[in-house]
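Note: the block below is start-v5.cif and it holds mmCIF, C-alpha atoms.
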```cif
data_coords
loop_
_atom_site.label_atom_id
_atom_site.label_comp_id
_atom_site.auth_asym_id
_atom_site.auth_seq_id
_atom_site.Cartn_x
_atom_site.Cartn_y
_atom_site.Cartn_z
CA MET O 1 0.00 0.00 0.00
CA LYS O 2 2.99 2.29 0.33
CA ASN O 3 3.13 4.15 -2.93
CA THR O 4 5.47 7.02 -2.25
CA ALA O 5 8.71 7.72 -0.46
CA GLN O 6 6.83 10.65 1.10
CA VAL O 7 4.60 8.23 3.02
CA ASP O 8 7.69 6.55 4.47
CA VAL O 9 9.08 9.89 5.57
CA LEU O 10 5.78 10.89 7.20
CA GLU O 11 5.48 7.50 8.86
CA SER O 12 8.99 7.54 10.30
CA MET O 13 8.51 11.12 11.54
CA ALA O 14 5.24 10.24 13.32
CA LEU O 15 6.74 7.13 14.92
CA GLY O 16 9.87 9.07 15.89
CA ARG O 17 7.84 11.79 17.64
CA ALA O 18 5.87 9.17 19.57
CA LEU O 19 9.03 7.28 20.56
CA ALA O 20 10.66 10.52 21.68
CA ALA O 21 7.65 11.32 23.89
CA HIS O 22 7.77 7.89 25.53
CA SER O 23 11.56 8.14 26.06
CA HIS O 24 11.01 11.44 27.84
CA GLU O 25 8.35 9.85 30.04
CA LEU O 26 10.79 7.07 30.91
CA LYS O 27 13.50 9.64 31.67
CA ASN O 28 11.04 11.26 34.10
CA VAL O 29 10.25 7.92 35.71
CA LEU O 30 13.97 7.28 36.24
CA ALA O 31 14.59 10.81 37.51
CA ILE O 32 11.83 10.47 40.14
CA VAL O 33 13.13 7.04 41.16
CA GLY O 34 16.68 8.38 41.47
CA GLU O 35 15.57 11.32 43.60
CA ALA O 36 13.43 9.15 45.87
CA ALA O 37 16.28 6.68 46.41
CA GLY O 38 18.66 9.55 47.21
CA LEU O 39 16.15 11.06 49.64
CA ALA O 40 15.66 7.75 51.46
CA GLU O 41 19.45 7.35 51.73
CA ASP O 42 19.80 10.87 53.12
CA ILE O 43 17.07 10.42 55.73
CA LEU O 44 18.52 7.11 56.90
CA ALA O 45 22.05 8.56 57.10
CA LEU O 46 20.76 11.59 59.02
CA GLN O 47 18.93 9.35 61.48
CA ARG O 48 22.09 7.30 62.09
CA MET O 49 24.16 10.42 62.66
CA ARG O 50 21.67 12.04 65.03
CA ASN O 51 20.73 8.97 67.03
CA PRO O 52 23.60 6.50 66.83
CA GLU O 53 22.31 4.73 69.96
CA SER O 54 18.93 3.93 68.39
CA ALA O 55 20.33 3.07 64.96
CA MET O 56 19.39 -0.23 63.40
CA PRO O 57 21.92 -3.09 63.51
CA GLU O 58 24.81 -2.62 61.13
CA ASP O 59 24.04 -5.66 59.00
CA MET O 60 20.48 -4.45 58.37
CA ALA O 61 21.67 -0.92 57.61
CA ALA O 62 24.17 -2.36 55.16
CA ARG O 63 21.45 -4.33 53.39
CA VAL O 64 19.24 -1.26 53.08
CA ASP O 65 22.19 0.77 51.77
CA LYS O 66 22.97 -1.93 49.25
CA ALA O 67 19.38 -2.02 48.02
CA LEU O 68 19.26 1.77 47.65
CA GLY O 69 22.66 1.75 45.97
CA SER O 70 21.51 -0.80 43.41
CA ILE O 71 18.53 1.44 42.63
CA THR O 72 20.89 4.33 41.93
CA ALA O 73 23.06 2.13 39.67
CA GLN O 74 20.03 0.89 37.74
CA VAL O 75 18.74 4.44 37.29
CA GLU O 76 22.09 5.31 35.72
CA ARG O 77 21.83 2.30 33.40
CA GLY O 78 18.23 3.21 32.54
CA HIS O 79 19.23 6.77 31.67
CA LYS O 80 21.75 5.46 29.13
CA LEU O 81 19.11 3.19 27.59
CA THR O 82 16.57 6.02 27.30
CA SER O 83 19.21 8.32 25.79
CA ASP O 84 19.72 5.68 23.11
CA LEU O 85 15.95 5.52 22.53
CA ASN O 86 15.88 9.28 22.22
CA MET O 87 18.69 9.15 19.65
CA LEU O 88 16.75 6.44 17.80
CA ALA O 89 13.63 8.62 17.89
CA HIS O 90 15.43 11.56 16.31
CA LEU O 91 17.19 9.65 13.52
CA PRO O 92 14.43 10.38 10.99
CA ASP O 93 14.53 14.15 11.66
CA ARG O 94 16.93 14.74 8.79
CA ARG O 95 14.40 13.27 6.38
CA LEU O 96 12.31 16.43 6.73
CA GLU O 97 15.11 18.80 7.74
CA PRO O 98 17.98 18.25 5.29
CA THR O 99 19.77 21.25 6.84
CA LEU O 100 20.49 19.18 9.96
CA PRO O 101 24.15 18.07 10.40
CA ASP O 102 25.52 15.21 8.30
CA VAL O 103 25.71 11.70 9.64
CA ASP O 104 28.70 10.41 11.62
CA LEU O 105 28.83 6.69 10.89
CA SER O 106 30.87 5.98 14.02
CA LEU O 107 28.13 7.46 16.24
CA ILE O 108 25.49 5.40 14.44
CA ALA O 109 27.67 2.28 14.73
CA GLY O 110 28.06 3.00 18.44
CA LEU O 111 24.29 3.12 18.87
CA ALA O 112 23.99 -0.14 16.91
CA CYS O 113 26.59 -1.78 19.19
CA ARG O 114 24.68 -0.74 22.30
CA MET O 115 21.35 -1.89 20.88
CA LEU O 116 22.78 -5.28 19.92
CA GLU O 117 24.73 -5.69 23.15
CA ARG O 118 22.03 -7.71 24.91
CA ASN O 119 21.81 -10.28 22.11
CA ALA O 120 25.57 -10.41 21.54
CA ARG O 121 26.08 -11.01 25.26
CA ARG O 122 23.82 -14.05 25.02
CA ALA O 123 26.15 -15.41 22.33
CA HIS O 124 29.03 -14.54 24.72
CA VAL O 125 30.49 -12.09 22.21
CA GLN O 126 31.49 -8.59 23.26
CA LEU O 127 30.53 -5.74 20.93
CA SER O 128 32.76 -2.72 21.50
CA PRO O 129 31.59 0.62 20.07
CA PRO O 130 34.06 3.05 18.48
CA ALA O 131 35.94 5.10 21.06
CA ALA O 132 36.44 8.11 18.77
CA VAL O 133 34.24 9.95 16.29
CA GLY O 134 34.80 10.02 12.56
CA ALA O 135 34.06 12.35 9.68
CA THR O 136 30.48 12.94 8.51
CA ALA O 137 28.70 12.40 5.23
CA PRO O 138 25.23 13.37 3.99
CA ALA O 139 23.10 10.26 4.50
CA ASP O 140 19.91 8.92 6.00
CA ALA O 141 20.67 8.24 9.67
CA GLN O 142 17.88 5.70 10.16
CA GLY O 143 18.90 3.74 7.08
CA CYS O 144 22.50 3.79 8.33
CA LEU O 145 21.47 2.43 11.71
CA ALA O 146 19.46 -0.41 10.14
CA ALA O 147 22.46 -1.26 7.94
CA CYS O 148 24.87 -1.19 10.90
CA LEU O 149 22.51 -3.40 12.91
CA VAL O 150 22.28 -6.20 10.33
CA LEU O 151 25.98 -5.91 9.45
CA LEU O 152 27.11 -6.19 13.08
CA GLU O 153 24.60 -8.99 13.70
CA TRP O 154 26.13 -10.93 10.85
CA ILE O 155 29.65 -10.30 12.18
CA TYR O 156 29.07 -11.12 15.85
CA LYS O 157 27.20 -14.30 14.94
CA SER O 158 30.30 -15.47 13.05
CA ARG O 159 32.40 -15.19 16.21
CA GLN O 160 33.23 -17.78 18.83
CA PRO O 161 32.09 -17.38 22.45
CA GLY O 162 34.51 -15.16 24.36
CA GLU O 163 35.57 -13.19 21.30
CA GLU O 164 35.19 -9.45 20.76
CA VAL O 165 33.94 -7.40 17.83
CA ALA O 166 35.82 -4.12 18.12
CA VAL O 167 34.40 -1.35 15.96
CA ALA O 168 36.80 1.55 15.36
CA ALA O 169 36.29 4.95 13.77
CA VAL O 170 38.67 5.86 10.94
CA ASP O 171 40.42 9.13 11.59
CA GLY O 172 39.34 11.82 9.15
CA ALA O 173 37.17 9.51 7.01
CA PRO O 174 33.42 8.84 7.11
CA ALA O 175 34.21 5.21 7.85
CA ILE O 176 34.49 2.51 10.46
CA GLU O 177 36.74 -0.54 10.57
CA ILE O 178 36.23 -3.99 12.07
CA PRO O 179 39.11 -6.49 12.31
CA ASP O 180 38.67 -10.23 11.66
CA ALA O 181 35.52 -9.82 9.62
CA PRO O 182 34.02 -12.81 7.80
CA ASP O 183 34.53 -13.12 4.04
CA LEU O 184 32.38 -10.66 2.06
CA ASP O 185 31.52 -13.49 -0.35
CA GLY O 186 29.21 -14.77 2.38
CA LEU O 187 27.50 -11.40 2.90
CA PRO O 188 23.79 -12.11 3.53
CA GLU O 189 21.32 -10.60 1.10
CA ASP O 190 19.63 -8.35 3.70
CA VAL O 191 23.00 -6.90 4.75
CA ARG O 192 23.92 -6.26 1.12
CA ARG O 193 20.61 -4.51 0.45
CA LEU O 194 20.58 -2.35 3.55
CA THR O 195 24.22 -1.25 3.34
CA GLU O 196 23.83 -0.47 -0.36
CA SER O 197 20.60 1.45 0.24
CA ALA O 198 22.28 3.43 3.05
CA GLY O 199 25.11 4.42 0.70
CA MET O 200 27.81 2.33 2.38
CA GLU O 201 30.74 0.71 0.61
CA LEU O 202 32.26 -2.44 2.10
CA GLU O 203 35.81 -3.64 1.41
CA THR O 204 38.16 -5.99 3.21
CA ASP O 205 41.91 -5.84 3.48
CA ASN O 206 43.52 -8.77 5.32
CA ASP O 207 40.21 -9.65 6.97
CA ARG O 208 39.88 -6.04 8.15
CA LEU O 209 36.47 -4.76 7.02
CA ARG O 210 36.21 -1.08 6.16
CA VAL O 211 32.72 0.40 5.87
CA THR O 212 32.72 3.80 4.17
CA LEU O 213 29.67 6.04 4.13
CA MET O 214 29.79 7.34 0.56
CA GLY O 215 26.83 9.63 1.17
CA VAL O 216 23.60 9.77 -0.75
CA MET B 1 18.27 5.83 -2.01
CA LYS B 2 15.43 3.51 -1.05
CA ASN B 3 14.60 1.67 -4.21
CA THR B 4 12.47 -1.22 -3.03
CA ALA B 5 9.71 -1.94 -0.58
CA GLN B 6 11.88 -4.87 0.53
CA VAL B 7 14.48 -2.45 1.91
CA ASP B 8 11.78 -0.75 4.00
CA VAL B 9 10.69 -4.09 5.39
CA LEU B 10 14.26 -5.11 6.25
CA GLU B 11 14.92 -1.71 7.79
CA SER B 12 11.81 -1.76 9.97
CA MET B 13 12.55 -5.32 11.08
CA ALA B 14 16.13 -4.45 12.09
CA LEU B 15 15.03 -1.34 13.99
CA GLY B 16 12.18 -3.28 15.62
CA ARG B 17 14.54 -6.00 16.87
CA ALA B 18 16.89 -3.39 18.31
CA LEU B 19 14.04 -1.49 19.98
CA ALA B 20 12.70 -4.75 21.44
CA ALA B 21 16.12 -5.54 22.93
CA HIS B 22 16.37 -2.10 24.55
CA SER B 23 12.79 -2.36 25.91
CA HIS B 24 13.72 -5.65 27.54
CA GLU B 25 16.82 -4.06 29.07
CA LEU B 26 14.64 -1.29 30.47
CA LYS B 27 12.18 -3.86 31.82
CA ASN B 28 15.10 -5.49 33.63
CA VAL B 29 16.22 -2.15 35.04
CA LEU B 30 12.72 -1.51 36.37
CA ALA B 31 12.39 -5.04 37.75
CA ILE B 32 15.66 -4.71 39.71
CA VAL B 33 14.62 -1.27 40.98
CA GLY B 34 11.24 -2.60 42.08
CA GLU B 35 12.79 -5.55 43.89
CA ALA B 36 15.38 -3.39 45.64
CA ALA B 37 12.72 -0.92 46.81
CA GLY B 38 10.58 -3.78 48.13
CA LEU B 39 13.56 -5.29 49.92
CA ALA B 40 14.45 -1.98 51.59
CA GLU B 41 10.81 -1.59 52.71
CA ASP B 42 10.78 -5.11 54.13
CA ILE B 43 14.01 -4.67 56.07
CA LEU B 44 12.87 -1.36 57.55
CA ALA B 45 9.47 -2.82 58.52
CA LEU B 46 11.15 -5.84 60.10
CA GLN B 47 13.49 -3.62 62.10
CA ARG B 48 10.55 -1.57 63.39
CA MET B 49 8.65 -4.68 64.40
CA ARG B 50 11.61 -6.29 66.13
CA ASN B 51 12.96 -3.23 67.90
CA PRO B 52 10.11 -0.77 68.32
CA GLU B 53 12.08 1.01 71.10
CA SER B 54 15.02 1.80 68.80
CA ALA B 55 12.88 2.69 65.78
CA MET B 56 13.47 5.99 64.06
CA PRO B 57 11.02 8.84 64.74
CA GLU B 58 7.67 8.40 63.07
CA ASP B 59 7.96 11.43 60.81
CA MET B 60 11.29 10.22 59.44
CA ALA B 61 9.97 6.70 58.94
CA ALA B 62 6.98 8.13 57.11
CA ARG B 63 9.25 10.11 54.78
CA VAL B 64 11.32 7.03 53.97
CA ASP B 65 8.15 4.99 53.36
CA LYS B 66 6.83 7.70 51.08
CA ALA B 67 10.06 7.77 49.07
CA LEU B 68 10.10 3.99 48.69
CA GLY B 69 6.39 4.01 47.80
CA SER B 70 6.96 6.56 45.06
CA ILE B 71 9.69 4.32 43.63
CA THR B 72 7.22 1.43 43.47
CA ALA B 73 4.62 3.64 41.76
CA GLN B 74 7.15 4.88 39.19
CA VAL B 75 8.30 1.34 38.46
CA GLU B 76 4.68 0.47 37.69
CA ARG B 77 4.43 3.48 35.36
CA GLY B 78 7.75 2.56 33.74
CA HIS B 79 6.58 -0.99 33.09
CA LYS B 80 3.55 0.34 31.18
CA LEU B 81 5.78 2.59 29.09
CA THR B 82 8.20 -0.23 28.24
CA SER B 83 5.29 -2.53 27.36
CA ASP B 84 4.20 0.11 24.86
CA LEU B 85 7.74 0.26 23.46
CA ASN B 86 7.74 -3.49 23.12
CA MET B 87 4.43 -3.37 21.26
CA LEU B 88 5.91 -0.65 19.02
CA ALA B 89 8.98 -2.83 18.41
CA HIS B 90 6.87 -5.77 17.27
CA LEU B 91 4.55 -3.85 14.94
CA PRO B 92 6.68 -4.59 11.86
CA ASP B 93 6.71 -8.35 12.54
CA ARG B 94 3.73 -8.95 10.28
CA ARG B 95 5.69 -7.48 7.36
CA LEU B 96 7.79 -10.64 7.23
CA GLU B 97 5.28 -13.00 8.85
CA PRO B 98 1.95 -12.46 7.08
CA THR B 99 0.54 -15.44 8.99
CA LEU B 100 0.52 -13.39 12.19
CA PRO B 101 -2.94 -12.29 13.44
CA ASP B 102 -4.75 -9.43 11.70
CA VAL B 103 -4.65 -5.90 13.06
CA ASP B 104 -7.12 -4.62 15.65
CA LEU B 105 -7.42 -0.91 14.96
CA SER B 106 -8.70 -0.20 18.48
CA LEU B 107 -5.53 -1.68 20.03
CA ILE B 108 -3.36 0.38 17.69
CA ALA B 109 -5.42 3.51 18.45
CA GLY B 110 -4.98 2.77 22.16
CA LEU B 111 -1.21 2.67 21.74
CA ALA B 112 -1.36 5.93 19.76
CA CYS B 113 -3.39 7.56 22.57
CA ARG B 114 -0.83 6.54 25.18
CA MET B 115 2.11 7.67 23.05
CA LEU B 116 0.49 11.07 22.43
CA GLU B 117 -0.67 11.47 26.02
CA ARG B 118 2.33 13.50 27.14
CA ASN B 119 1.93 16.06 24.35
CA ALA B 120 -1.87 16.19 24.63
CA ARG B 121 -1.56 16.80 28.38
CA ARG B 122 0.60 19.83 27.63
CA ALA B 123 -2.26 21.20 25.54
CA HIS B 124 -4.55 20.32 28.49
CA VAL B 125 -6.52 17.87 26.37
CA GLN B 126 -7.26 14.37 27.63
CA LEU B 127 -6.83 11.53 25.14
CA SER B 128 -8.90 8.50 26.18
CA PRO B 129 -8.06 5.16 24.53
CA PRO B 130 -10.82 2.72 23.52
CA ALA B 131 -12.10 0.66 26.45
CA ALA B 132 -13.09 -2.33 24.33
CA VAL B 133 -11.49 -4.16 21.43
CA GLY B 134 -12.86 -4.23 17.92
CA ALA B 135 -12.77 -6.57 14.94
CA THR B 136 -9.55 -7.14 13.03
CA ALA B 137 -8.53 -6.62 9.41
CA PRO B 138 -5.42 -7.57 7.43
CA ALA B 139 -3.24 -4.47 7.46
CA ASP B 140 0.22 -3.14 8.22
CA ALA B 141 0.28 -2.45 11.96
CA GLN B 142 3.11 0.08 11.82
CA GLY B 143 1.43 2.04 9.05
CA CYS B 144 -1.81 2.00 11.06
CA LEU B 145 -0.04 3.36 14.13
CA ALA B 146 1.57 6.19 12.16
CA ALA B 147 -1.84 7.05 10.67
CA CYS B 148 -3.54 6.98 14.09
CA LEU B 149 -0.80 9.19 15.53
CA VAL B 150 -1.15 11.99 12.97
CA LEU B 151 -4.95 11.69 12.94
CA LEU B 152 -5.24 11.97 16.73
CA GLU B 153 -2.66 14.76 16.78
CA TRP B 154 -4.79 16.72 14.33
CA ILE B 155 -7.92 16.09 16.41
CA TYR B 156 -6.56 16.91 19.86
CA LYS B 157 -4.93 20.08 18.56
CA SER B 158 -8.37 21.24 17.41
CA ARG B 159 -9.70 20.95 20.96
CA GLN B 160 -9.96 23.56 23.70
CA PRO B 161 -8.04 23.15 26.97
CA GLY B 162 -10.00 20.94 29.39
CA GLU B 163 -11.68 18.95 26.63
CA GLU B 164 -11.42 15.23 26.01
CA VAL B 165 -10.85 13.18 22.88
CA ALA B 166 -12.63 9.89 23.57
CA VAL B 167 -11.71 7.12 21.15
CA ALA B 168 -14.18 4.22 21.09
CA ALA B 169 -14.05 0.82 19.44
CA VAL B 170 -16.99 -0.07 17.21
CA ASP B 171 -18.55 -3.36 18.23
CA GLY B 172 -18.02 -6.04 15.60
CA ALA B 173 -16.42 -3.74 13.04
CA PRO B 174 -12.72 -3.07 12.30
CA ALA B 175 -13.33 0.56 13.19
CA ILE B 176 -13.01 3.27 15.82
CA GLU B 177 -15.20 6.32 16.41
CA ILE B 178 -14.35 9.75 17.76
CA PRO B 179 -17.12 12.24 18.65
CA ASP B 180 -16.84 15.98 17.92
CA ALA B 181 -14.22 15.58 15.22
CA PRO B 182 -13.15 18.57 13.12
CA ASP B 183 -14.47 18.90 9.57
CA LEU B 184 -12.83 16.44 7.16
CA ASP B 185 -12.52 19.26 4.61
CA GLY B 186 -9.67 20.55 6.76
CA LEU B 187 -7.88 17.17 6.88
CA PRO B 188 -4.14 17.89 6.68
CA GLU B 189 -2.25 16.39 3.76
CA ASP B 190 -0.03 14.12 5.91
CA VAL B 191 -3.08 12.68 7.68
CA ARG B 192 -4.78 12.03 4.35
CA ARG B 193 -1.71 10.31 2.95
CA LEU B 194 -0.98 8.14 5.97
CA THR B 195 -4.58 7.03 6.59
CA GLU B 196 -5.01 6.25 2.89
CA SER B 197 -1.74 4.33 2.75
CA ALA B 198 -2.76 2.34 5.86
CA GLY B 199 -6.05 1.38 4.19
CA MET B 200 -8.30 3.47 6.44
CA GLU B 201 -11.54 5.08 5.36
CA LEU B 202 -12.70 8.23 7.15
CA GLU B 203 -16.32 9.42 7.26
CA THR B 204 -18.22 11.76 9.55
CA ASP B 205 -21.82 11.60 10.65
CA ASN B 206 -22.97 14.52 12.82
CA ASP B 207 -19.37 15.40 13.69
CA ARG B 208 -18.79 11.81 14.75
CA LEU B 209 -15.73 10.52 12.90
CA ARG B 210 -15.65 6.86 12.00
CA VAL B 211 -12.33 5.38 10.93
CA THR B 212 -12.69 1.98 9.27
CA LEU B 213 -9.72 -0.26 8.56
CA MET B 214 -10.64 -1.57 5.12
CA GLY B 215 -7.62 -3.84 5.03
CA VAL B 216 -4.85 -4.00 2.47
#
```

Output the structure of this file as structure tokens.
Amino acid sequence: MKNTAQVDVLESMALGRALAAHSHELKNVLAIVGEAAGLAEDILALQRMRNPESAMPEDMAARVDKALGSITAQVERGHKLTSDLNMLAHLPDRRLEPTLPDVDLSLIAGLACRMLERNARRAHVQLSPPAAVGATAPADAQGCLAACLVLLEWIYKSRQPGEEVAVAAVDGAPAIEIPDAPDLDGLPEDVRRLTESAGMELETDNDRLRVTLMGV
Amino acid sequence: MKNTAQVDVLESMALGRALAAHSHELKNVLAIVGEAAGLAEDILALQRMRNPESAMPEDMAARVDKALGSITAQVERGHKLTSDLNMLAHLPDRRLEPTLPDVDLSLIAGLACRMLERNARRAHVQLSPPAAVGATAPADAQGCLAACLVLLEWIYKSRQPGEEVAVAAVDGAPAIEIPDAPDLDGLPEDVRRLTESAGMELETDNDRLRVTLMGV
């Protein structure tokens, strides 16, 4: 039923706005949780300081502290996850606003690594996002993410348990590199289609895969 | 750069899988937070019961209880939000698995209401999702959601502060109804395109808008 590219743009914009709204709601949830946990910690610490003689036994206090501390740690983890969702929500923005900045493939690949982390972990493979940023190219950010997702899925599934897939930015180029990549002759059809559609060029040199965002 | 519908399908599937993984991670975050808050409550209650003489002053205990209670309430709210994200993540599934069940427009409209709630609340308009379910029709769930989102956005923005947009399922029909809808002559172009592409038919009878999912 989709007859125009315009429908796709409108659809992705509407879904992006809705996802952004829900990410913000989740950020609020986490912020309230974090504040409440901090408040409870403060009150308990104050009580101990003021009335050391009536304080609860140390082992119980330690268990309460540990529980509140784990809440704070989870809130931190949740904030990172919702920031990723917010980034995901805003990927289509450039489809309607071509004046927005160009796409940095290493940032997109980093998001893809984080979103695949859970599944890679189950296969006991570590996905490491690029530590640095790269150069930018005009491209469709959402298409780039989808391409990175299927490409990295293909790569981590080729690895043995305990191995790492280390994605690196290429200094000064709109490209990323991944060592020990599988042979491009075995590139699955969906990976070929999505990388091609996103304007990416794949080449290997001594098993080192370089993905260059040619721009569209 | 998108040259085939197949690329769109592959793209939406890859993004859906990644969104589903992140929703699950957030569910885990919330589950750990909820358990930790419950544990802290239990330990504090146990301490009070065992050593009432060394218990902390009532006002302090009440403040700690209130903080822990607000964590539990926010976890509940967060779980609803992540369930919505999970539903959003699985909308494209039917694009590759046409044997999956048909689409219930009232469920999709309910999701759209919840995802627009934050923005509608800012305009002081209440968006009420359908209370019942309707009949199903073969359609693209993600396209239906995008269409519902822009349609409901258009409708709630036409309302005065304090008003309600009540979406109702139509018994036995793959349709929803919305009373006091604006005139269809003023239907924005994006709403027309997305509802048409999703296979929806719009008609008004005495300002009551009926949206029927004709199926695709």

Wanna dump the chain B-chain O contacts at 6 Å for me, each residue with its shortest atom pair and the distance in Å to one decimal, counting all atoms listed in the file, ordered by chain and number, as a Markdown table?
```
| residue | atom | partner | partner_atom | distance |
| --- | --- | --- | --- | --- |
| B:Met1 | CA | O:Ser197 | CA | 5.4 |
| B:Lys2 | CA | O:Ser197 | CA | 5.7 |
| B:Glu11 | CA | O:Ala146 | CA | 5.3 |
| B:Ala14 | CA | O:Ala146 | CA | 5.6 |
| B:Leu15 | CA | O:Ala146 | CA | 5.9 |
| B:Ala18 | CA | O:Met115 | CA | 5.4 |
| B:Val29 | CA | O:Gln74 | CA | 5.6 |
| B:Val33 | CA | O:Ile71 | CA | 5.0 |
| B:Ala36 | CA | O:Ala67 | CA | 4.9 |
| B:Ala40 | CA | O:Val64 | CA | 5.1 |
| B:Ser54 | CA | O:Ser54 | CA | 4.5 |
| B:Val64 | CA | O:Ala40 | CA | 5.1 |
| B:Ala67 | CA | O:Ala36 | CA | 4.8 |
| B:Ile71 | CA | O:Val33 | CA | 5.0 |
| B:Gln74 | CA | O:Val29 | CA | 5.6 |
| B:Met115 | CA | O:Ala18 | CA | 5.3 |
| B:Ala146 | CA | O:Glu11 | CA | 5.3 |
| B:Ser197 | CA | O:Met1 | CA | 5.4 |
```

>> I'd like to see the residues matched by the PyMOL selection byres ((chain O and resi 172) around 6) on this file, and ideally I'd get them as a count of residues only.
In response: 4

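The two atoms in question, atom CA of Leu209 of chain B and atom CA of Ser128 of chain B, are spaced 15.1 Å apart.
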
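In terms of minimum interatomic distance to Thr136 of chain B, B:Leu100 ranks closest within B:Ala62, B:Leu100, B:Ala123, B:Ala166, counting all atoms listed in the file.
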
Min atom-atom distance to Ala168 of chain B from the set B:Ala141, B:Leu105, B:Met200, B:Met49, counting only C-alpha atoms, belongs to B:Leu105

_For Val211 of chain O, find every residue with an atom within 7 Å (counting all atoms listed in the file), except residues of its own chain fewer than 2 positions away, and show them as a ChimeraX atom specification._
/O:175-177,200-203,209,213

For a test of reading the model, state the distance in Å between atom CA of Glu163 of chain B and atom CA of Met87 of chain B, rounded to one decimal.
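Between atom CA of Glu163 of chain B and atom CA of Met87 of chain B the gap is 28.0 Å.
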
Nearest to His124 of chain B, restricted to all atoms listed in the file and choosing among B:Pro161, B:Ser106, B:Thr99, B:Leu152, comes out as B:Pro161

Please, could N, CA and C atoms be added to segment 132-147 of chain B and the result written as a PDB file, in the coordinates of the input?
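Saved result, result_22.pdb, follows:
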```
ATOM      1  N   ALA B 132     -12.846  -0.977  24.825  1.00  0.00           N
ATOM      2  CA  ALA B 132     -13.090  -2.330  24.330  1.00  0.00           C
ATOM      3  C   ALA B 132     -12.221  -2.598  23.115  1.00  0.00           C
ATOM      4  N   VAL B 133     -12.195  -3.846  22.669  1.00  0.00           N
ATOM      5  CA  VAL B 133     -11.490  -4.160  21.430  1.00  0.00           C
ATOM      6  C   VAL B 133     -12.502  -4.261  20.295  1.00  0.00           C
ATOM      7  N   GLY B 134     -11.982  -4.172  19.075  1.00  0.00           N
ATOM      8  CA  GLY B 134     -12.860  -4.230  17.920  1.00  0.00           C
ATOM      9  C   GLY B 134     -12.572  -5.465  17.081  1.00  0.00           C
ATOM     10  N   ALA B 135     -13.063  -5.461  15.853  1.00  0.00           N
ATOM     11  CA  ALA B 135     -12.770  -6.570  14.940  1.00  0.00           C
ATOM     12  C   ALA B 135     -11.417  -6.301  14.290  1.00  0.00           C
ATOM     13  N   THR B 136     -10.858  -7.315  13.652  1.00  0.00           N
ATOM     14  CA  THR B 136      -9.550  -7.140  13.030  1.00  0.00           C
ATOM     15  C   THR B 136      -9.663  -7.123  11.508  1.00  0.00           C
ATOM     16  N   ALA B 137      -8.604  -6.626  10.874  1.00  0.00           N
ATOM     17  CA  ALA B 137      -8.530  -6.620   9.410  1.00  0.00           C
ATOM     18  C   ALA B 137      -7.071  -6.821   9.028  1.00  0.00           C
ATOM     19  N   PRO B 138      -6.815  -7.416   7.864  1.00  0.00           N
ATOM     20  CA  PRO B 138      -5.420  -7.570   7.430  1.00  0.00           C
ATOM     21  C   PRO B 138      -4.863  -6.210   7.057  1.00  0.00           C
ATOM     22  N   ALA B 139      -3.805  -5.796   7.715  1.00  0.00           N
ATOM     23  CA  ALA B 139      -3.240  -4.470   7.460  1.00  0.00           C
ATOM     24  C   ALA B 139      -1.815  -4.433   7.960  1.00  0.00           C
ATOM     25  N   ASP B 140      -1.132  -3.319   7.714  1.00  0.00           N
ATOM     26  CA  ASP B 140       0.220  -3.140   8.220  1.00  0.00           C
ATOM     27  C   ASP B 140       0.136  -2.359   9.529  1.00  0.00           C
ATOM     28  N   ALA B 141       0.476  -3.036  10.636  1.00  0.00           N
ATOM     29  CA  ALA B 141       0.280  -2.450  11.960  1.00  0.00           C
ATOM     30  C   ALA B 141       1.065  -1.153  12.148  1.00  0.00           C
ATOM     31  N   GLN B 142       2.298  -1.126  11.628  1.00  0.00           N
ATOM     32  CA  GLN B 142       3.110   0.080  11.820  1.00  0.00           C
ATOM     33  C   GLN B 142       2.544   1.264  11.033  1.00  0.00           C
ATOM     34  N   GLY B 143       2.069   0.989   9.828  1.00  0.00           N
ATOM     35  CA  GLY B 143       1.430   2.040   9.050  1.00  0.00           C
ATOM     36  C   GLY B 143       0.159   2.540   9.734  1.00  0.00           C
ATOM     37  N   CYS B 144      -0.592   1.618  10.339  1.00  0.00           N
ATOM     38  CA  CYS B 144      -1.810   2.000  11.060  1.00  0.00           C
ATOM     39  C   CYS B 144      -1.482   2.889  12.248  1.00  0.00           C
ATOM     40  N   LEU B 145      -0.403   2.542  12.971  1.00  0.00           N
ATOM     41  CA  LEU B 145      -0.040   3.360  14.130  1.00  0.00           C
ATOM     42  C   LEU B 145       0.332   4.772  13.677  1.00  0.00           C
ATOM     43  N   ALA B 146       1.169   4.867  12.643  1.00  0.00           N
ATOM     44  CA  ALA B 146       1.570   6.190  12.160  1.00  0.00           C
ATOM     45  C   ALA B 146       0.338   7.009  11.761  1.00  0.00           C
ATOM     46  N   ALA B 147      -0.625   6.355  11.087  1.00  0.00           N
ATOM     47  CA  ALA B 147      -1.840   7.050  10.670  1.00  0.00           C
ATOM     48  C   ALA B 147      -2.656   7.500  11.878  1.00  0.00           C
TER      49      ALA B 147
END
```
